[in-house]
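**Student:** Handing over protein.cif, mmCIF, C-alpha atoms.
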```cif
data_entry
loop_
_atom_site.group_PDB
_atom_site.id
_atom_site.type_symbol
_atom_site.label_atom_id
_atom_site.label_comp_id
_atom_site.auth_asym_id
_atom_site.auth_seq_id
_atom_site.Cartn_x
_atom_site.Cartn_y
_atom_site.Cartn_z
ATOM 1 C CA MET I 338 -14.269 15.148 7.945
ATOM 2 C CA GLY I 339 -11.253 13.944 6.008
ATOM 3 C CA ARG I 340 -11.525 10.374 4.809
ATOM 4 C CA THR I 341 -9.094 7.550 4.184
ATOM 5 C CA TYR I 342 -9.947 4.598 1.975
ATOM 6 C CA ILE I 343 -9.000 2.419 -0.974
ATOM 7 C CA THR I 344 -11.309 2.020 -3.937
ATOM 8 C CA GLU I 345 -11.611 0.269 -7.288
ATOM 9 C CA SER I 346 -13.797 3.125 -8.583
ATOM 10 C CA ASN I 347 -12.952 6.567 -9.918
ATOM 11 C CA ILE I 348 -12.240 9.167 -7.248
ATOM 12 C CA ASN I 349 -14.575 12.163 -7.143
ATOM 13 C CA ILE I 350 -12.151 14.975 -6.370
ATOM 14 C CA GLU I 351 -14.761 17.707 -6.019
ATOM 15 C CA ALA I 352 -16.849 15.669 -3.575
ATOM 16 C CA GLU I 353 -13.813 14.859 -1.437
ATOM 17 C CA LEU I 354 -12.623 18.462 -1.480
ATOM 18 C CA SER I 355 -16.071 19.725 -0.561
ATOM 19 C CA SER I 356 -16.290 17.231 2.305
ATOM 20 C CA VAL I 357 -12.951 18.113 3.888
ATOM 21 C CA LEU I 358 -13.515 21.856 3.525
ATOM 22 C CA LYS I 359 -16.611 21.576 5.721
ATOM 23 C CA VAL I 360 -14.485 20.465 8.675
ATOM 24 C CA SER I 361 -13.616 23.920 9.995
ATOM 25 C CA ARG I 362 -14.052 27.622 9.368
ATOM 26 C CA GLU I 363 -10.393 28.019 10.373
ATOM 27 C CA ILE I 364 -9.103 26.479 7.127
ATOM 28 C CA GLY I 365 -6.905 28.952 5.271
ATOM 29 C CA ALA I 366 -4.771 26.633 3.133
ATOM 30 C CA VAL I 367 -5.592 23.583 1.025
ATOM 31 C CA VAL I 368 -2.981 21.403 -0.670
ATOM 32 C CA THR I 369 -4.208 18.834 -3.169
ATOM 33 C CA PHE I 370 -1.940 16.170 -4.633
ATOM 34 C CA ARG I 371 -3.238 14.113 -7.542
ATOM 35 C CA GLY I 372 -1.184 11.109 -8.614
ATOM 36 C CA ILE I 373 -1.905 10.194 -12.239
ATOM 37 C CA ILE I 374 -0.888 7.037 -14.110
ATOM 38 C CA ARG I 375 1.961 7.912 -16.511
ATOM 39 C CA GLY I 376 1.970 6.642 -20.084
ATOM 40 C CA SER I 377 5.401 5.057 -19.966
ATOM 41 C CA SER I 378 7.794 3.234 -17.674
ATOM 42 C CA ASN I 379 11.452 2.488 -18.509
ATOM 43 C CA GLY I 380 10.838 3.413 -22.149
ATOM 44 C CA LYS I 381 7.829 1.111 -22.535
ATOM 45 C CA GLU I 382 4.325 2.390 -23.233
ATOM 46 C CA ILE I 383 1.923 1.579 -20.410
ATOM 47 C CA GLU I 384 -1.745 0.744 -20.969
ATOM 48 C CA LYS I 385 -2.679 0.503 -17.300
ATOM 49 C CA LEU I 386 -1.404 -0.368 -13.858
ATOM 50 C CA TYR I 387 -2.716 -3.108 -11.654
ATOM 51 C CA TYR I 388 -2.519 -2.459 -7.890
ATOM 52 C CA ASP I 389 -2.548 -5.469 -5.576
ATOM 53 C CA TYR I 390 -3.154 -4.675 -1.903
ATOM 54 C CA TYR I 391 -3.527 -6.099 1.594
ATOM 55 C CA PRO I 392 -6.861 -4.591 2.654
ATOM 56 C CA GLU I 393 -6.607 -4.726 6.435
ATOM 57 C CA MET I 394 -3.071 -3.311 6.511
ATOM 58 C CA VAL I 395 -3.663 -0.567 3.947
ATOM 59 C CA GLU I 396 -6.812 0.700 5.594
ATOM 60 C CA LYS I 397 -5.113 0.875 8.982
ATOM 61 C CA SER I 398 -1.962 2.529 7.634
ATOM 62 C CA LEU I 399 -3.950 5.224 5.805
ATOM 63 C CA ARG I 400 -5.903 5.976 8.989
ATOM 64 C CA ASP I 401 -2.659 6.117 10.986
ATOM 65 C CA MET I 402 -1.087 8.463 8.408
ATOM 66 C CA ARG I 403 -4.015 10.857 8.667
ATOM 67 C CA ASP I 404 -3.878 10.805 12.484
ATOM 68 C CA GLN I 405 -0.101 11.341 12.523
ATOM 69 C CA ALA I 406 -0.241 14.115 9.942
ATOM 70 C CA ILE I 407 -2.774 15.949 12.115
ATOM 71 C CA SER I 408 -0.802 15.498 15.329
ATOM 72 C CA HIS I 409 2.735 16.042 13.944
ATOM 73 C CA PHE I 410 2.132 18.891 11.508
ATOM 74 C CA GLY I 411 -0.765 20.643 13.191
ATOM 75 C CA ILE I 412 -2.996 20.471 10.139
ATOM 76 C CA ILE I 413 -6.746 20.560 10.600
ATOM 77 C CA ASP I 414 -7.522 17.433 8.576
ATOM 78 C CA ALA I 415 -6.467 15.232 5.670
ATOM 79 C CA THR I 416 -8.027 12.982 3.076
ATOM 80 C CA ILE I 417 -6.051 10.086 1.599
ATOM 81 C CA ILE I 418 -7.554 7.901 -1.126
ATOM 82 C CA HIS I 419 -5.683 5.246 -3.137
ATOM 83 C CA ARG I 420 -7.101 3.426 -6.160
ATOM 84 C CA VAL I 421 -6.564 -0.340 -6.313
ATOM 85 C CA GLY I 422 -7.199 -2.939 -8.985
ATOM 86 C CA GLU I 423 -6.797 -1.744 -12.577
ATOM 87 C CA VAL I 424 -6.149 1.946 -13.239
ATOM 88 C CA LYS I 425 -5.716 3.204 -16.814
ATOM 89 C CA VAL I 426 -3.170 5.723 -18.064
ATOM 90 C CA GLY I 427 -4.326 9.261 -17.327
ATOM 91 C CA GLU I 428 -6.613 8.201 -14.478
ATOM 92 C CA LEU I 429 -6.227 9.363 -10.918
ATOM 93 C CA ALA I 430 -4.511 6.724 -8.755
ATOM 94 C CA LEU I 431 -3.959 8.719 -5.583
ATOM 95 C CA LEU I 432 -5.569 11.748 -3.974
ATOM 96 C CA VAL I 433 -4.127 13.503 -0.938
ATOM 97 C CA ILE I 434 -5.770 16.628 0.456
ATOM 98 C CA THR I 435 -4.421 18.468 3.470
ATOM 99 C CA VAL I 436 -6.165 21.435 5.049
ATOM 100 C CA ALA I 437 -4.615 23.780 7.595
ATOM 101 C CA LYS I 438 -4.698 27.312 8.898
ATOM 102 C CA HIS I 439 -1.520 28.155 6.954
ATOM 103 C CA ARG I 440 0.206 26.866 3.827
ATOM 104 C CA LYS I 441 3.461 25.650 5.365
ATOM 105 C CA GLU I 442 1.942 22.888 7.481
ATOM 106 C CA ALA I 443 -0.419 21.899 4.657
ATOM 107 C CA PHE I 444 2.497 21.515 2.198
ATOM 108 C CA ASN I 445 4.721 19.708 4.707
ATOM 109 C CA ALA I 446 1.987 17.272 5.716
ATOM 110 C CA ALA I 447 1.099 16.482 2.101
ATOM 111 C CA GLN I 448 4.755 15.771 1.289
ATOM 112 C CA TRP I 449 5.094 13.566 4.360
ATOM 113 C CA ILE I 450 1.936 11.611 3.537
ATOM 114 C CA MET I 451 3.209 10.973 0.002
ATOM 115 C CA ASP I 452 6.495 9.632 1.344
ATOM 116 C CA GLU I 453 4.703 7.488 3.915
ATOM 117 C CA ILE I 454 2.436 5.933 1.292
ATOM 118 C CA LYS I 455 5.514 4.750 -0.604
ATOM 119 C CA LYS I 456 7.050 3.339 2.595
ATOM 120 C CA SER I 457 4.120 2.067 4.638
ATOM 121 C CA ALA I 458 1.073 1.254 2.503
ATOM 122 C CA ALA I 459 0.809 -2.457 1.675
ATOM 123 C CA ILE I 460 0.229 -1.900 -2.028
ATOM 124 C CA TRP I 461 2.105 -3.348 -5.027
ATOM 125 C CA LYS I 462 1.849 -2.231 -8.631
ATOM 126 C CA LYS I 463 2.269 -4.001 -11.929
ATOM 127 C CA GLY I 464 2.627 -2.268 -15.276
ATOM 128 C CA ILE I 465 0.606 -3.722 -18.148
ATOM 129 C CA PHE I 466 2.159 -2.681 -21.466
ATOM 130 C CA LYS I 467 0.479 -1.548 -24.659
ATOM 131 C CA GLU I 468 2.550 -3.940 -26.759
ATOM 132 C CA GLY I 469 1.680 -6.849 -24.464
ATOM 133 C CA GLY I 470 3.448 -8.190 -21.433
ATOM 134 C CA GLU I 471 3.546 -6.930 -17.884
ATOM 135 C CA ALA I 472 6.059 -6.265 -15.129
ATOM 136 C CA TRP I 473 5.860 -5.723 -11.384
ATOM 137 C CA ILE I 474 7.341 -2.413 -10.288
ATOM 138 C CA GLY I 475 9.434 -1.839 -7.182
ATOM 139 C CA VAL I 476 12.309 -3.129 -5.088
ATOM 140 C CA GLY I 477 12.794 -6.873 -5.496
ATOM 141 C CA ALA I 478 10.247 -7.165 -8.290
ATOM 142 C CA GLU I 479 12.621 -6.730 -11.217
ATOM 143 C CA GLU I 480 14.303 -10.119 -10.912
ATOM 144 C CA ARG I 481 10.892 -11.809 -10.837
ATOM 145 C CA ASN I 482 9.575 -10.260 -14.026
ATOM 146 C CA HIS I 483 9.588 -12.301 -17.188
ATOM 147 C CA MET O 475 -5.411 -23.632 11.653
ATOM 148 C CA VAL O 476 -3.173 -20.751 10.554
ATOM 149 C CA TYR O 477 -3.766 -18.742 7.393
ATOM 150 C CA VAL O 478 -0.820 -17.805 5.188
ATOM 151 C CA ARG O 479 -1.228 -15.127 2.537
ATOM 152 C CA LEU O 480 1.095 -13.945 -0.227
ATOM 153 C CA TYR O 481 0.824 -10.600 -2.022
ATOM 154 C CA GLY O 482 2.112 -8.737 -5.074
ATOM 155 C CA TRP O 483 4.646 -10.423 -7.352
ATOM 156 C CA LEU O 484 5.239 -13.111 -4.730
ATOM 157 C CA SER O 485 1.660 -14.357 -4.984
ATOM 158 C CA GLU O 486 1.850 -14.421 -8.763
ATOM 159 C CA SER O 487 5.259 -16.095 -8.779
ATOM 160 C CA LYS O 488 4.224 -18.851 -6.378
ATOM 161 C CA GLY O 489 0.771 -19.272 -7.898
ATOM 162 C CA TRP O 490 -1.299 -18.958 -4.741
ATOM 163 C CA ARG O 491 -2.790 -16.278 -2.475
ATOM 164 C CA GLU O 492 -3.845 -18.071 0.684
ATOM 165 C CA ARG O 493 -3.271 -21.430 2.319
ATOM 166 C CA LYS O 494 -4.647 -22.895 5.539
ATOM 167 C CA LEU O 495 -2.356 -25.089 7.602
ATOM 168 C CA GLU O 496 -2.545 -27.054 10.836
ATOM 169 C CA PHE O 497 0.467 -25.515 12.557
ATOM 170 C CA SER O 498 1.703 -24.389 15.930
ATOM 171 C CA GLY O 499 5.291 -23.206 16.273
ATOM 172 C CA SER O 500 7.626 -20.366 15.425
ATOM 173 C CA LEU O 501 7.185 -18.048 12.496
ATOM 174 C CA ARG O 502 10.634 -19.116 11.301
ATOM 175 C CA ASP O 503 9.597 -22.787 11.197
ATOM 176 C CA LEU O 504 6.359 -21.915 9.451
ATOM 177 C CA LEU O 505 8.233 -20.042 6.706
ATOM 178 C CA SER O 506 10.550 -23.012 6.155
ATOM 179 C CA LEU O 507 7.588 -25.351 6.022
ATOM 180 C CA ILE O 508 5.835 -23.235 3.410
ATOM 181 C CA ASP O 509 8.722 -22.589 1.053
ATOM 182 C CA GLU O 510 12.503 -22.576 1.605
ATOM 183 C CA GLU O 511 13.033 -19.821 -0.964
ATOM 184 C CA ILE O 512 10.529 -17.585 0.806
ATOM 185 C CA ALA O 513 12.158 -18.348 4.171
ATOM 186 C CA SER O 514 15.565 -17.425 2.777
ATOM 187 C CA MET O 515 14.298 -14.156 1.288
ATOM 188 C CA VAL O 516 12.676 -13.192 4.597
ATOM 189 C CA MET O 517 15.967 -13.876 6.430
ATOM 190 C CA LYS O 518 17.796 -11.649 3.944
ATOM 191 C CA GLY O 519 15.270 -8.833 4.389
ATOM 192 C CA LYS O 520 13.988 -9.093 0.807
ATOM 193 C CA LEU O 521 10.470 -9.924 1.990
ATOM 194 C CA LEU O 522 8.479 -8.678 4.984
ATOM 195 C CA THR O 523 6.256 -10.686 7.305
ATOM 196 C CA ALA O 524 3.108 -9.648 9.144
ATOM 197 C CA VAL O 525 1.136 -11.468 11.820
ATOM 198 C CA ASN O 526 -2.501 -10.466 12.206
ATOM 199 C CA HIS O 527 -1.996 -7.387 10.010
ATOM 200 C CA THR O 528 1.056 -6.051 11.852
ATOM 201 C CA ILE O 529 4.587 -6.166 10.451
ATOM 202 C CA THR O 530 6.964 -8.219 12.574
ATOM 203 C CA LYS O 531 10.642 -9.135 12.416
ATOM 204 C CA GLU O 532 10.386 -11.523 15.374
ATOM 205 C CA LEU O 533 10.839 -14.804 13.593
ATOM 206 C CA ASP O 534 10.946 -16.693 16.877
ATOM 207 C CA ARG O 535 7.461 -15.587 17.846
ATOM 208 C CA LYS O 536 4.862 -18.308 18.117
ATOM 209 C CA VAL O 537 2.070 -18.541 15.589
ATOM 210 C CA GLU O 538 -0.947 -20.742 16.095
ATOM 211 C CA GLY O 539 -4.689 -21.174 15.655
ATOM 212 C CA ASN O 540 -6.433 -18.499 13.586
ATOM 213 C CA ASP O 541 -3.324 -16.343 13.181
ATOM 214 C CA ILE O 542 -3.067 -14.688 9.782
ATOM 215 C CA ILE O 543 0.490 -14.616 8.469
ATOM 216 C CA ALA O 544 1.222 -12.462 5.446
ATOM 217 C CA ILE O 545 4.410 -12.516 3.412
ATOM 218 C CA LEU O 546 4.937 -9.254 1.628
ATOM 219 C CA PRO O 547 7.234 -7.876 -1.062
ATOM 220 C CA ILE O 548 8.611 -4.378 -0.472
ATOM 221 C CA PHE O 549 5.717 -1.949 -0.933
ATOM 222 C CA SER O 550 5.390 -0.002 -4.198
ATOM 223 C CA GLY O 551 2.194 2.021 -3.899
ATOM 224 C CA GLY O 552 1.623 5.603 -4.975
#
```
Could I get this file's structure written as structure tokens?

**Tutor:**
Amino acid sequence: MGRTYITESNINIEAELSSVLKVSREIGAVVTFRGIIRGSSNGKEIEKLYYDYYPEMVEKSLRDMRDQAISHFGIIDATIIHRVGEVKVGELALLVITVAKHRKEAFNAAQWIMDEIKKSAAIWKKGIFKEGGEAWIGVGAEERNH
Amino acid sequence: MVYVRLYGWLSESKGWRERKLEFSGSLRDLLSLIDEEIASMVMKGKLLTAVNHTITKELDRKVEGNDIIAILPIFSGG
């Protein structure tokens, strides 16, 4: 079964992929999106990101996204995992796996889930720079950074 | 007792995560009681509010005992 959760630990991609592939013998398409922490932001070198989160809301919204992706796009299942806390450059911050009979619905559902995470998951990120200093990222955060 | 939580840059900026208050009244009045700047930003749509883990824009709704009110910057996950 596809899973949805947040974690402060590294994500085991192979284990998650193996788990969701066991859901059905009808699976003919698998789309995997891996979001990795970039090494720079606005010309500044990043050391790591810190993700703050609202546990109850995030967990519910990830579950809802999986349910909606299945019902709206006709996929067989989905896994959505978001790292929280500190995540270093190069590490996996987000894993989305969609499985379907055919590629089109798997691609469309993965794209939709990515957009929904940006819009609906109660998560906030802060860049921590190599040269020192830090800055919250996102709408409304810029004017608060110092 | 109501519980008020702040998240993201807002929590860092204000220097607290959660407060417990003896309060019964509208969400609007609660926001003003907590912090006028926060209340103003909510009115302008620069911050979101949630009651018991669900986003709400109904500032006239009543909040009371054991409700959890969260004040949230615009999300930036992913």

**Student:** Using all atoms listed in the file, give me every residue within 8 Å of (9.6, -19.2, 12.6) in file coordinates, as a list in words.

**Tutor:**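 Checking each residue against the 8 Å limit leaves Gly499, Ser500, Leu501, Arg502, Asp503, Leu504, Leu505, Ser506, Leu533, Asp534, Arg535 and Lys536 of chain O.
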
**Student:** I'd like to see the residues matched by the PyMOL selection byres ((chain I) within 10 of (chain O)) on this file, and ideally I'd get them as a VMD selection string.

**Tutor:** chain I and resid 372 to 374 387 to 395 397 419 to 421 430 to 432 451 to 463 472 to 479 481 to 482

**Student:** Name the closest residue to Asn445 of chain I among the candidates I:Ser378, I:Ala366, I:Ile465, I:Glu428; distances are taken between atoms, counting all atoms listed in the file.

**Tutor:**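 Among I:Ser378, I:Ala366, I:Ile465, I:Glu428, it is I:Ala366 that comes nearest to Asn445 of chain I.
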
**Student:** Just checking: using only C-alpha atoms, which residue out of I:Tyr342, I:Thr435, I:Ser408, I:Val367 ends up closest to Gln448 of chain I?

**Tutor:**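 So, comparing all the options, the nearest one is I:Thr435.
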
**Student:** What is the distance, in Å and to one decimal place, between atom CA of Val360 of chain I and atom CA of Ile348 of chain I?

**Tutor:** 19.7 Å

**Student:** Which of these, O:Val478, O:Thr530, O:Asn540, O:Thr523, has the shortest distance to Leu507 of chain O once you count only C-alpha atoms?

**Tutor:** O:Val478

**Student:** Near Lys467 of chain I, within 8 Å and counting all atoms listed in the file, which residues show up once chain neighbours fewer than 3 positions away are dropped, as a list in words?

**Tutor:**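 In the requested format, the answer is Glu382, Ile383, Glu384 and Gly470 of chain I.
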
**Student:** Calculate how many Å separate atom CA of Asn347 of chain I from atom CA of Asn379 of chain I, rounding to one decimal.

**Tutor:** 26.2 Å

**Student:** Please write as a list in words the full residue list that the PyMOL selection byres ((chain O and resi 492-497) around 6) yields on this file.

**Tutor:**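 Taken over the shown coordinates, the PyMOL selection byres ((chain O and resi 492-497) around 6) returns Met475, Val476, Tyr477, Val478, Arg479, Arg491 and Ser498 of chain O.
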
**Student:** Could you jot down the atom CA of Arg440 of chain I to atom CA of Glu363 of chain I separation for me, Å, one decimal place?

**Tutor:** 12.5 Å

**Student:** Build an axis-aligned box that encloses every atom of segment 485-489 of chain O listed in the file, pad it by 3 Å on each side, and report its centre and edge lengths in Å to one decimal, as AutoDock Vina command-line options.

**Tutor:**
```
--center_x 3.0 --center_y -16.8 --center_z -6.9 --size_x 10.5 --size_y 10.9 --size_z 9.8
```

**Student:** Given the file shown, enumerate the residues that the PyMOL selection byres ((chain I and resi 353) around 10) captures and present them as an MDAnalysis selection string.

**Tutor:** chainID I and resid 338:340 348:352 354:358 416:418 432:434

**Student:** Near segment 436-438 of chain I, within 7 Å and counting only C-alpha atoms, which residues show up once chain neighbours fewer than 3 positions away are dropped, as JSON, numbers by chain?

**Tutor:** {"I": [363, 364, 365, 366, 367, 368, 412, 413, 414, 415, 442, 443]}
